[in-house]
>>> print(open('input16.csv').read())   # CSV, C-alpha atoms
chain,number,residue,atom,x,y,z
A,1,MET,CA,108.4,128.7,107.7
A,2,VAL,CA,111.5,126.4,107.5
A,3,MET,CA,112.5,124.8,110.7
A,4,LYS,CA,116.0,125.6,112.0
A,5,ILE,CA,117.0,122.0,112.0
A,6,PRO,CA,115.7,118.8,110.4
A,7,VAL,CA,113.6,116.6,112.7
A,8,PHE,CA,114.2,113.5,110.7
A,9,CYS,CA,117.4,112.3,108.9
A,10,ASP,CA,117.2,109.2,106.7
A,11,ILE,CA,120.7,107.7,106.3
A,12,GLY,CA,121.0,105.3,103.4
A,13,ILE,CA,124.1,103.6,104.7
A,14,THR,CA,124.4,101.2,101.7
A,15,GLU,CA,122.5,100.0,98.7
A,16,ASN,CA,123.9,96.5,99.0
A,17,CYS,CA,121.6,93.7,100.0
A,18,MET,CA,121.5,89.9,100.0
A,19,PHE,CA,117.8,89.9,99.2
A,20,GLN,CA,116.1,90.1,95.8
A,21,CYS,CA,112.9,91.8,96.9
A,22,LYS,CA,110.1,92.2,94.3
A,23,MET,CA,109.4,95.8,95.4
A,24,CYS,CA,113.1,96.8,95.0
A,25,ARG,CA,115.7,96.5,92.3
A,26,LEU,CA,118.7,97.9,94.2
A,27,TRP,CA,120.1,94.4,94.4
A,28,GLN,CA,120.6,94.4,90.6
A,29,SER,CA,123.1,97.3,90.9
A,30,SER,CA,126.8,96.8,91.3
A,31,LYS,CA,128.5,97.9,94.5
A,32,ASN,CA,129.4,101.5,94.7
A,33,PRO,CA,133.1,101.9,95.8
A,34,ARG,CA,132.4,105.6,96.8
A,35,GLU,CA,130.2,104.8,99.8
A,36,LEU,CA,131.0,106.9,102.9
A,37,SER,CA,133.2,105.2,105.5
A,38,ILE,CA,132.0,104.8,109.0
A,39,GLU,CA,134.4,107.5,110.1
A,40,GLU,CA,132.9,109.9,107.5
A,41,TRP,CA,129.4,109.0,108.8
A,42,LYS,CA,130.6,109.8,112.4
A,43,ASN,CA,131.8,113.1,111.2
A,44,PHE,CA,128.4,113.8,109.7
A,45,ILE,CA,126.7,113.0,113.0
A,46,VAL,CA,129.0,115.4,114.7
A,47,SER,CA,128.0,118.1,112.2
A,48,LEU,CA,124.4,117.3,112.8
A,49,GLU,CA,124.9,117.7,116.5
A,50,GLU,CA,126.7,121.0,115.9
A,51,MET,CA,123.8,122.2,113.7
A,52,GLY,CA,121.2,122.0,116.5
A,53,GLY,CA,121.9,119.5,119.2
A,54,ASN,CA,120.5,115.9,119.1
A,55,LYS,CA,116.9,116.6,118.4
A,56,THR,CA,117.0,115.0,114.9
A,57,ARG,CA,115.7,111.4,114.7
A,58,ILE,CA,118.2,109.3,112.8
A,59,HIS,CA,116.9,106.5,110.6
A,60,PHE,CA,119.4,104.0,109.3
A,61,ALA,CA,118.3,102.1,106.2
A,62,GLY,CA,119.7,100.4,103.0
A,63,GLY,CA,119.9,98.1,101.1
A,64,GLU,CA,120.5,96.1,104.2
A,65,PRO,CA,122.3,98.2,106.8
A,66,LEU,CA,123.8,95.3,108.7
A,67,ILE,CA,125.9,94.5,105.7
A,68,LYS,CA,127.9,97.6,106.3
A,69,GLU,CA,131.0,96.9,108.4
A,70,GLY,CA,131.0,99.0,111.5
A,71,MET,CA,127.3,99.7,111.3
A,72,LEU,CA,126.7,99.0,115.0
A,73,ASP,CA,129.7,101.2,116.0
A,74,LEU,CA,128.0,104.0,114.2
A,75,ILE,CA,124.7,103.5,115.9
A,76,GLU,CA,126.5,103.4,119.3
A,77,PHE,CA,128.3,106.6,118.4
A,78,ALA,CA,125.0,108.3,117.5
A,79,ASN,CA,123.3,107.1,120.6
A,80,LYS,CA,126.1,108.3,122.9
A,81,LYS,CA,125.5,111.7,121.2
A,82,GLY,CA,121.9,111.5,122.4
A,83,PHE,CA,120.2,111.0,119.1
A,84,THR,CA,117.2,108.8,118.8
A,85,THR,CA,118.1,105.9,116.4
A,86,VAL,CA,116.0,103.6,114.3
A,87,MET,CA,117.2,100.9,111.9
A,88,VAL,CA,115.2,98.9,109.4
A,89,THR,CA,116.5,95.4,108.6
A,90,ASN,CA,115.3,92.3,106.9
A,91,GLY,CA,116.6,90.4,109.9
A,92,PHE,CA,118.5,87.8,107.9
A,93,LEU,CA,121.9,88.6,109.6
A,94,VAL,CA,120.5,88.8,113.1
A,95,ASN,CA,121.8,85.7,114.8
A,96,GLU,CA,122.2,85.5,118.5
A,97,ALA,CA,125.6,87.2,118.6
A,98,MET,CA,124.4,90.0,116.3
A,99,ALA,CA,121.3,90.5,118.4
A,100,LYS,CA,123.4,91.0,121.5
A,101,ARG,CA,125.6,93.5,119.7
A,102,ILE,CA,122.5,95.4,118.4
A,103,VAL,CA,121.1,95.7,121.9
A,104,ASN,CA,124.5,96.8,123.3
A,105,SER,CA,124.7,99.5,120.7
A,106,GLY,CA,121.8,101.3,122.3
A,107,LEU,CA,119.6,101.2,119.2
A,108,ASP,CA,116.2,102.7,120.2
A,109,VAL,CA,114.0,101.0,117.6
A,110,ILE,CA,114.7,98.1,115.3
A,111,SER,CA,112.1,97.6,112.5
A,112,ILE,CA,112.0,94.2,110.9
A,113,SER,CA,110.5,93.7,107.4
A,114,LEU,CA,107.7,91.1,107.4
A,115,ASP,CA,105.0,91.0,104.8
A,116,SER,CA,103.1,87.9,105.8
A,117,MET,CA,102.9,85.2,108.4
A,118,ASP,CA,102.8,82.8,105.5
A,119,GLU,CA,106.4,81.7,105.0
A,120,SER,CA,106.1,81.0,101.3
A,121,THR,CA,104.5,84.4,100.6
A,122,HIS,CA,107.1,86.4,102.5
A,123,ASP,CA,110.0,84.4,101.1
A,124,PHE,CA,108.6,84.9,97.5
A,125,LEU,CA,108.2,88.7,98.0
A,126,ARG,CA,111.7,89.0,99.4
A,127,GLY,CA,113.2,86.8,96.9
A,128,THR,CA,115.1,84.7,99.4
A,129,PRO,CA,114.4,81.3,100.9
A,130,GLY,CA,114.5,81.3,104.6
A,131,ALA,CA,113.7,85.0,104.9
A,132,HIS,CA,110.6,84.5,107.0
A,133,ARG,CA,112.2,82.0,109.4
A,134,ARG,CA,115.2,84.2,109.9
A,135,ALA,CA,113.0,87.3,110.6
A,136,LEU,CA,111.1,85.4,113.3
A,137,GLN,CA,114.3,84.1,114.7
A,138,ALA,CA,115.7,87.6,114.8
A,139,ILE,CA,112.7,88.8,116.9
A,140,GLU,CA,113.4,86.0,119.4
A,141,TYR,CA,117.1,86.8,119.8
A,142,LEU,CA,116.5,90.5,120.1
A,143,ASN,CA,113.9,90.0,122.7
A,144,LYS,CA,116.2,87.6,124.6
A,145,TYR,CA,118.8,90.4,125.0
A,146,GLY,CA,116.3,93.1,125.9
A,147,ALA,CA,115.9,95.2,122.8
A,148,LYS,CA,114.2,98.5,123.6
A,149,SER,CA,111.6,98.3,120.8
A,150,ILE,CA,111.0,95.7,118.1
A,151,SER,CA,108.6,96.8,115.4
A,152,ILE,CA,107.4,95.3,112.1
A,153,LEU,CA,107.4,97.0,108.8
A,154,SER,CA,105.0,95.5,106.3
A,155,VAL,CA,104.3,96.5,102.7
A,156,ILE,CA,100.6,96.4,101.5
A,157,MET,CA,100.5,94.6,98.1
A,158,GLY,CA,98.2,92.7,96.0
A,159,ALA,CA,100.3,89.6,96.6
A,160,ASN,CA,99.8,89.7,100.4
A,161,MET,CA,96.5,91.5,100.7
A,162,ASP,CA,94.6,88.4,101.9
A,163,ARG,CA,97.2,87.8,104.7
A,164,LEU,CA,97.5,91.3,106.3
A,165,ILE,CA,94.7,90.9,108.8
A,166,LYS,CA,96.3,87.7,110.2
A,167,LEU,CA,99.6,89.5,110.4
A,168,ALA,CA,98.1,92.4,112.3
A,169,ASP,CA,96.4,90.0,114.7
A,170,TRP,CA,99.6,88.1,115.3
A,171,ILE,CA,101.6,91.3,116.0
A,172,ASN,CA,99.0,92.6,118.4
A,173,ALA,CA,99.1,89.3,120.4
A,174,ASN,CA,102.9,89.1,120.4
A,175,GLU,CA,104.3,90.7,123.6
A,176,LYS,CA,107.7,90.9,122.0
A,177,LEU,CA,106.6,93.4,119.4
A,178,SER,CA,105.8,97.0,120.0
A,179,SER,CA,103.9,97.8,116.8
A,180,VAL,CA,103.4,97.3,113.0
A,181,TYR,CA,103.8,100.1,110.5
A,182,PHE,CA,102.2,99.5,107.1
A,183,GLN,CA,103.4,101.0,103.9
A,184,ALA,CA,101.6,101.1,100.5
A,185,ILE,CA,103.4,99.5,97.6
A,186,SER,CA,104.8,102.0,95.2
A,187,GLN,CA,106.9,101.6,92.0
A,188,PRO,CA,109.8,99.3,92.8
A,189,LEU,CA,112.9,101.2,93.8
A,190,ALA,CA,115.7,101.6,91.2
A,191,THR,CA,113.3,101.2,88.2
A,192,ALA,CA,112.7,103.8,85.5
A,193,LYS,CA,109.9,106.1,86.4
A,194,ASP,CA,106.6,105.0,85.0
A,195,LEU,CA,103.3,106.4,86.1
A,196,GLN,CA,101.5,103.2,84.9
A,197,TRP,CA,104.0,100.8,86.4
A,198,PHE,CA,101.2,98.8,88.2
A,199,ASP,CA,99.5,97.9,84.9
A,200,LYS,CA,102.6,96.3,83.4
A,201,ALA,CA,102.9,92.5,83.4
A,202,GLU,CA,106.2,92.6,85.3
A,203,HIS,CA,104.7,94.3,88.4
A,204,SER,CA,101.0,93.9,88.1
A,205,TYR,CA,100.8,91.2,90.8
A,206,LEU,CA,102.2,93.7,93.4
A,207,TRP,CA,99.2,96.0,92.9
A,208,PRO,CA,95.8,95.4,94.7
A,209,HIS,CA,93.5,95.3,91.7
A,210,ASP,CA,90.7,93.6,93.7
A,211,LYS,CA,89.0,96.8,95.1
A,212,ALA,CA,86.4,94.8,97.1
A,213,GLN,CA,89.2,92.9,98.9
A,214,LEU,CA,91.0,96.2,99.3
A,215,ASP,CA,88.0,97.9,101.0
A,216,PHE,CA,87.5,94.9,103.3
A,217,VAL,CA,91.2,94.6,104.4
A,218,ILE,CA,91.7,98.3,105.0
A,219,GLY,CA,88.4,98.5,106.8
A,220,GLN,CA,89.5,95.6,109.1
A,221,LEU,CA,92.8,97.4,109.8
A,222,ILE,CA,91.0,100.6,110.7
A,223,GLU,CA,88.6,98.7,112.9
A,224,ARG,CA,91.5,97.1,114.7
A,225,LYS,CA,93.2,100.5,115.0
A,226,ASN,CA,90.1,101.9,116.7
A,227,LYS,CA,90.2,99.0,119.1
A,228,GLY,CA,93.7,99.9,120.2
A,229,TYR,CA,95.7,97.4,118.2
A,230,LYS,CA,99.4,98.0,117.9
A,231,ILE,CA,99.1,99.7,114.4
A,232,SER,CA,101.3,102.8,114.1
A,233,ASN,CA,99.5,104.2,111.1
A,234,SER,CA,96.9,106.8,111.7
A,235,ILE,CA,93.3,106.1,110.5
A,236,GLN,CA,93.8,109.0,108.1
A,237,GLN,CA,96.8,107.4,106.5
A,238,LEU,CA,95.1,104.0,106.1
A,239,GLU,CA,92.2,105.8,104.3
A,240,THR,CA,94.8,107.6,102.2
A,241,PHE,CA,96.2,104.2,101.2
A,242,ARG,CA,92.7,103.1,100.2
A,243,ALA,CA,92.2,106.2,98.0
A,244,TYR,CA,95.7,105.8,96.5
A,245,PHE,CA,95.1,102.2,95.4
A,246,LYS,CA,91.8,103.3,93.8
A,247,ARG,CA,93.1,106.5,92.1
A,248,PRO,CA,96.9,106.8,92.4
A,249,ASP,CA,96.9,109.8,90.1
A,250,LYS,CA,94.4,111.8,92.2
A,251,VAL,CA,95.2,111.2,95.9
A,252,ARG,CA,97.5,114.2,96.1
A,253,ASP,CA,95.3,116.7,94.3
A,254,GLY,CA,95.3,120.1,96.1
A,255,LYS,CA,97.6,118.9,98.9
A,256,VAL,CA,100.9,120.7,99.6
A,257,CYS,CA,104.0,118.6,100.6
A,258,ASN,CA,106.3,120.3,103.0
A,259,GLN,CA,108.7,117.5,103.9
A,260,GLY,CA,111.6,119.6,102.6
A,261,ASP,CA,111.1,121.8,105.7
A,262,TYR,CA,112.0,119.1,108.2
A,263,VAL,CA,113.4,116.0,106.4
A,264,ILE,CA,116.8,115.1,104.9
A,265,TYR,CA,118.0,112.0,103.1
A,266,ILE,CA,121.6,111.1,102.8
A,267,ARG,CA,122.7,108.7,100.1
A,268,PRO,CA,125.5,106.2,100.7
A,269,THR,CA,127.8,108.4,98.7
A,270,GLY,CA,127.0,111.5,100.7
A,271,GLU,CA,124.5,113.4,98.5
A,272,VAL,CA,121.9,115.2,100.5
A,273,LEU,CA,118.3,115.3,99.3
A,274,LEU,CA,115.2,117.0,100.6
A,275,CYS,CA,113.1,114.7,98.4
A,276,GLY,CA,114.1,111.3,97.1
A,277,SER,CA,112.7,112.0,93.7
A,278,MET,CA,114.6,115.3,93.1
A,279,GLN,CA,118.2,116.4,92.6
A,280,PRO,CA,120.6,116.6,95.6
A,281,ILE,CA,121.3,120.0,97.2
A,282,GLY,CA,125.0,119.0,97.7
A,283,ASN,CA,127.2,116.5,99.4
A,284,ILE,CA,128.3,116.2,103.0
A,285,ARG,CA,131.8,115.3,101.9
A,286,GLU,CA,132.1,118.8,100.5
A,287,LYS,CA,130.0,121.0,102.9
A,288,HIS,CA,128.7,121.1,106.4
A,289,ILE,CA,125.1,120.0,106.7
A,290,LYS,CA,124.0,123.3,108.2
A,291,ASP,CA,125.3,125.2,105.1
A,292,LEU,CA,123.5,122.7,102.8
A,293,TRP,CA,120.3,122.9,104.8
A,294,ASN,CA,120.2,126.7,104.6
A,295,SER,CA,121.6,127.0,101.0
A,296,GLU,CA,119.9,128.7,98.0
A,297,GLU,CA,119.8,125.3,96.4
A,298,ALA,CA,117.8,124.0,99.4
A,299,ALA,CA,115.4,126.9,99.1
A,300,SER,CA,114.9,126.2,95.4
A,301,ARG,CA,114.3,122.5,96.1
A,302,ARG,CA,111.7,123.3,98.7
A,303,LYS,CA,109.8,125.5,96.2
A,304,GLN,CA,109.8,122.5,93.9
A,305,ILE,CA,108.5,120.3,96.7
A,306,TYR,CA,105.7,122.7,97.6
A,307,GLU,CA,104.5,122.7,94.0
A,308,CYS,CA,104.7,118.9,93.5
A,309,ARG,CA,101.5,116.9,93.5
A,310,GLU,CA,102.9,113.4,92.9
A,311,SER,CA,101.6,110.5,95.0
A,312,CYS,CA,105.2,109.4,95.9
A,313,LEU,CA,106.5,106.8,98.4
A,314,ASN,CA,107.5,109.3,101.0
A,315,VAL,CA,104.3,111.4,101.1
A,316,LEU,CA,102.2,108.2,101.3
A,317,ASN,CA,104.3,106.1,103.6
A,318,CYS,CA,106.6,108.1,105.8
A,319,PHE,CA,105.4,111.6,106.7
A,320,ASP,CA,101.7,111.5,107.1
A,321,ASP,CA,100.9,114.4,109.4
A,322,LYS,CA,104.6,114.4,110.3
A,323,ASP,CA,104.0,111.1,112.2
A,324,LEU,CA,107.6,109.8,112.0
A,325,LEU,CA,107.0,106.1,112.5
>>> encode(input="input16.csv", output="structure tokens")
Amino acid sequence: MVMKIPVFCDIGITENCMFQCKMCRLWQSSKNPRELSIEEWKNFIVSLEEMGGNKTRIHFAGGEPLIKEGMLDLIEFANKKGFTTVMVTNGFLVNEAMAKRIVNSGLDVISISLDSMDESTHDFLRGTPGAHRRALQAIEYLNKYGAKSISILSVIMGANMDRLIKLADWINANEKLSSVYFQAISQPLATAKDLQWFDKAEHSYLWPHDKAQLDFVIGQLIERKNKGYKISNSIQQLETFRAYFKRPDKVRDGKVCNQGDYVIYIRPTGEVLLCGSMQPIGNIREKHIKDLWNSEEAASRRKQIYECRESCLNVLNCFDDKDLL
């Protein structure tokens, strides 16, 4: 049964980013002049409130969301409406003044991308010298001004597999951090769909081909989770990652995805999706989100989602047992 309102709204505020991450190719795209303005986003948040109050969790992402002028005004607006707000950032723009503004906006959770405690590894994977140093500096500034919750988002890849245990231990011992959320590497964003992408020379190093190492690292993360470490993933999800890396074509067999019943994605240009891999159900510039959510197009898309068995990014990483971060 479809819920009356979405419980999770992922707002892709922009596709622009100063990084050149190995797991994403959005940075290769040109700027889109049709991005929604901050005022248009505020109007959408009002419509979301009209749809069913402020029970929907709003997740601001990019690209790099802090590139968007007026981003913190939008977060403050959403918070004053009573929504729970989360923002994922690479941390590069979070100097002391920015940290203070972020905290003053009322943001509930800021999640900083960090793939390794080894500076050269993180900088390489993010394609930007200084990325590691600026991420750590961002944590210090945000803590200084009393950020509500600072978490770490880390992608599990072949290129950082041997450094994940050290990262988990560092986060657990760091009183400034609330948690770490691991994601499994999937085909880099903004690349042509290829079910065998991980075997191609261009991307092969991102995939954990060493299965003995994979078993050891995932096992160690599970052991730490059982000990109460600040790892947000469920044990089931970590086991799913292990199975996915061994047989990416089989991990979804027999399982039904129902994210279309409770999740919406909004692109920077206003298109509304129930699944990031499927066609939009409309645009918030043209229709109220309530009408789009309850439309025939949405019902058709949900049917497609129920029938899908693909091991996609969202099923693996975002909505395991509806555990929203």
>>> atom_distance(input="input16.csv", atom1="atom CA of Trp293 of chain A", atom2="atom CA of Met278 of chain A")
15.1 Å
>>> residues_around(input="input16.csv", residues="Gly219 of chain A", least_positions_apart="3", cutoff="12 Å", atoms="only C-alpha atoms", output="PyMOL selection string")
chain A and resi 164-165+211-216+222-226+235-236+238-239+241-242
>>> residues_around(input="input16.csv", residues="His132 of chain A", least_positions_apart="2", cutoff="9 Å", atoms="all atoms listed in the file", output="list in words")
Gly91, Phe92, Leu114, Asp115, Ser116, Met117, Asp118, Glu119, Ser120, Thr121, His122, Asp123, Arg126, Thr128, Pro129, Gly130, Arg134, Ala135, Leu136 and Gln137 of chain A
>>> closest_atom_pairs(input="input16.csv", of="segment 156-238 of chain A", to="segment 27-38 of chain A", cutoff="12 Å", atoms="all atoms listed in the file", output="JSON lines")
{"residue": "A:Pro188", "atom": "CA", "partner": "A:Trp27", "partner_atom": "CA", "distance": 11.5}
{"residue": "A:Leu189", "atom": "CA", "partner": "A:Trp27", "partner_atom": "CA", "distance": 9.9}
{"residue": "A:Ala190", "atom": "CA", "partner": "A:Ser29", "partner_atom": "CA", "distance": 8.6}
{"residue": "A:Thr191", "atom": "CA", "partner": "A:Gln28", "partner_atom": "CA", "distance": 10.3}
>>> write_last_selection(input="input16.csv", atoms="C-alpha atoms", output="mmCIF file, in the coordinates of the input")
data_model
loop_
_atom_site.group_PDB
_atom_site.id
_atom_site.type_symbol
_atom_site.label_atom_id
_atom_site.label_comp_id
_atom_site.auth_asym_id
_atom_site.auth_seq_id
_atom_site.Cartn_x
_atom_site.Cartn_y
_atom_site.Cartn_z
ATOM 1 C CA PRO A 188 109.800 99.300 92.800
ATOM 2 C CA LEU A 189 112.900 101.200 93.800
ATOM 3 C CA ALA A 190 115.700 101.600 91.200
ATOM 4 C CA THR A 191 113.300 101.200 88.200
#
>>> atom_distance(input="input16.csv", atom1="atom CA of Glu64 of chain A", atom2="atom CA of Phe19 of chain A")
8.4 Å
>>> closest_residue(input="input16.csv", among="A:Ser295, A:Gly270, A:Glu76, A:Met23", to="Glu202 of chain A", atoms="only C-alpha atoms")
A:Met23
>>> closest_residue(input="input16.csv", among="A:Leu316, A:Met98, A:Leu142, A:Ile150", to="Val86 of chain A", atoms="all atoms listed in the file")
A:Ile150
>>> atom_distance(input="input16.csv", atom1="atom CA of Asp162 of chain A", atom2="atom CA of Cys17 of chain A")
27.6 Å
>>> closest_residue(input="input16.csv", among="A:Pro248, A:Ile281, A:Gly12, A:Gln183", to="Trp197 of chain A", atoms="all atoms listed in the file")
A:Pro248
>>> residues_near_point(input="input16.csv", point="(113.8, 92.4, 121.3)", cutoff="10 Å", atoms="only C-alpha atoms", output="number ranges by chain")
A: 99-100, 102-103, 109-110, 138-151, 175-178
>>> residues_near_point(input="input16.csv", point="(102.7, 104.0, 118.2)", cutoff="8 Å", atoms="all atoms listed in the file", output="JSON list (two decimals) with C-alpha atoms, in the coordinates of the input")
[["chain", "number", "residue", "atom", "x", "y", "z"],
["A", 178, "SER", "CA", 105.80, 97.00, 120.00],
["A", 179, "SER", "CA", 103.90, 97.80, 116.80],
["A", 230, "LYS", "CA", 99.40, 98.00, 117.90],
["A", 231, "ILE", "CA", 99.10, 99.70, 114.40],
["A", 232, "SER", "CA", 101.30, 102.80, 114.10],
["A", 233, "ASN", "CA", 99.50, 104.20, 111.10],
["A", 325, "LEU", "CA", 107.00, 106.10, 112.50]]
>>> closest_residue(input="input16.csv", among="A:Val217, A:Val272, A:Ala201, A:Cys24", to="Ala168 of chain A", atoms="all atoms listed in the file")
A:Val217
>>> closest_residue(input="input16.csv", among="A:Lys80, A:Gly53, A:Ile45, A:Gln187", to="Arg25 of chain A", atoms="only C-alpha atoms")
A:Gln187
>>> residues_around(input="input16.csv", residues="Cys9 of chain A", least_positions_apart="5", cutoff="7 Å", atoms="all atoms listed in the file", output="PyMOL selection string")
chain A and resi 56-59+263-265
>>> residues_around(input="input16.csv", residues="Lys81 of chain A", least_positions_apart="2", cutoff="12 Å", atoms="all atoms listed in the file", output="VMD selection string")
chain A and resid 42 to 43 45 to 50 53 to 58 74 to 79 83 to 85 106
>>> write_last_selection(input="input16.csv", atoms="C-alpha atoms", output="mmCIF file, in the coordinates of the input")
data_model
loop_
_atom_site.group_PDB
_atom_site.id
_atom_site.type_symbol
_atom_site.label_atom_id
_atom_site.label_comp_id
_atom_site.auth_asym_id
_atom_site.auth_seq_id
_atom_site.Cartn_x
_atom_site.Cartn_y
_atom_site.Cartn_z
ATOM 1 C CA LYS A 42 130.600 109.800 112.400
ATOM 2 C CA ASN A 43 131.800 113.100 111.200
ATOM 3 C CA ILE A 45 126.700 113.000 113.000
ATOM 4 C CA VAL A 46 129.000 115.400 114.700
ATOM 5 C CA SER A 47 128.000 118.100 112.200
ATOM 6 C CA LEU A 48 124.400 117.300 112.800
ATOM 7 C CA GLU A 49 124.900 117.700 116.500
ATOM 8 C CA GLU A 50 126.700 121.000 115.900
ATOM 9 C CA GLY A 53 121.900 119.500 119.200
ATOM 10 C CA ASN A 54 120.500 115.900 119.100
ATOM 11 C CA LYS A 55 116.900 116.600 118.400
ATOM 12 C CA THR A 56 117.000 115.000 114.900
ATOM 13 C CA ARG A 57 115.700 111.400 114.700
ATOM 14 C CA ILE A 58 118.200 109.300 112.800
ATOM 15 C CA LEU A 74 128.000 104.000 114.200
ATOM 16 C CA ILE A 75 124.700 103.500 115.900
ATOM 17 C CA GLU A 76 126.500 103.400 119.300
ATOM 18 C CA PHE A 77 128.300 106.600 118.400
ATOM 19 C CA ALA A 78 125.000 108.300 117.500
ATOM 20 C CA ASN A 79 123.300 107.100 120.600
ATOM 21 C CA PHE A 83 120.200 111.000 119.100
ATOM 22 C CA THR A 84 117.200 108.800 118.800
ATOM 23 C CA THR A 85 118.100 105.900 116.400
ATOM 24 C CA GLY A 106 121.800 101.300 122.300
#
>>> closest_residue(input="input16.csv", among="A:Tyr229, A:Tyr205, A:Trp41, A:Phe198", to="Tyr181 of chain A", atoms="all atoms listed in the file")
A:Tyr229
>>> build_atoms(input="input16.csv", residues="segment 216-228 of chain A", atoms="N, CA, C and O atoms", output="mmCIF file, keeping the file's coordinate frame")
data_model
loop_
_atom_site.group_PDB
_atom_site.id
_atom_site.type_symbol
_atom_site.label_atom_id
_atom_site.label_comp_id
_atom_site.auth_asym_id
_atom_site.auth_seq_id
_atom_site.Cartn_x
_atom_site.Cartn_y
_atom_site.Cartn_z
ATOM 1 N N PHE A 216 87.711 95.730 102.122
ATOM 2 C CA PHE A 216 87.500 94.900 103.300
ATOM 3 C C PHE A 216 88.757 94.889 104.196
ATOM 4 O O PHE A 216 88.644 95.080 105.418
ATOM 5 N N VAL A 217 89.939 94.711 103.616
ATOM 6 C CA VAL A 217 91.200 94.600 104.400
ATOM 7 C C VAL A 217 91.485 95.947 105.096
ATOM 8 O O VAL A 217 91.769 95.985 106.300
ATOM 9 N N ILE A 218 91.429 97.041 104.352
ATOM 10 C CA ILE A 218 91.700 98.300 105.000
ATOM 11 C C ILE A 218 90.657 98.632 106.049
ATOM 12 O O ILE A 218 90.981 99.142 107.133
ATOM 13 N N GLY A 219 89.411 98.275 105.786
ATOM 14 C CA GLY A 219 88.400 98.500 106.800
ATOM 15 C C GLY A 219 88.650 97.678 108.061
ATOM 16 O O GLY A 219 88.429 98.181 109.175
ATOM 17 N N GLN A 220 89.138 96.453 107.905
ATOM 18 C CA GLN A 220 89.500 95.600 109.100
ATOM 19 C C GLN A 220 90.655 96.197 109.844
ATOM 20 O O GLN A 220 90.676 96.155 111.083
ATOM 21 N N LEU A 221 91.635 96.738 109.131
ATOM 22 C CA LEU A 221 92.800 97.400 109.800
ATOM 23 C C LEU A 221 92.348 98.596 110.580
ATOM 24 O O LEU A 221 92.802 98.833 111.707
ATOM 25 N N ILE A 222 91.469 99.388 109.978
ATOM 26 C CA ILE A 222 91.000 100.600 110.700
ATOM 27 C C ILE A 222 90.146 100.174 111.899
ATOM 28 O O ILE A 222 90.272 100.789 112.966
ATOM 29 N N GLU A 223 89.334 99.135 111.765
ATOM 30 C CA GLU A 223 88.600 98.700 112.900
ATOM 31 C C GLU A 223 89.473 98.230 114.039
ATOM 32 O O GLU A 223 89.221 98.537 115.216
ATOM 33 N N ARG A 224 90.566 97.549 113.700
ATOM 34 C CA ARG A 224 91.500 97.100 114.700
ATOM 35 C C ARG A 224 92.265 98.306 115.328
ATOM 36 O O ARG A 224 92.543 98.333 116.528
ATOM 37 N N LYS A 225 92.599 99.278 114.503
ATOM 38 C CA LYS A 225 93.200 100.500 115.000
ATOM 39 C C LYS A 225 92.320 101.174 116.036
ATOM 40 O O LYS A 225 92.776 101.616 117.108
ATOM 41 N N ASN A 226 91.046 101.245 115.739
ATOM 42 C CA ASN A 226 90.100 101.900 116.700
ATOM 43 C C ASN A 226 89.961 101.083 117.969
ATOM 44 O O ASN A 226 89.602 101.649 119.008
ATOM 45 N N LYS A 227 90.264 99.800 117.913
ATOM 46 C CA LYS A 227 90.200 99.000 119.100
ATOM 47 C C LYS A 227 91.488 99.017 119.929
ATOM 48 O O LYS A 227 91.588 98.376 120.973
ATOM 49 N N GLY A 228 92.479 99.766 119.433
ATOM 50 C CA GLY A 228 93.700 99.900 120.200
ATOM 51 C C GLY A 228 94.813 98.934 119.788
ATOM 52 O O GLY A 228 95.800 98.773 120.522
#
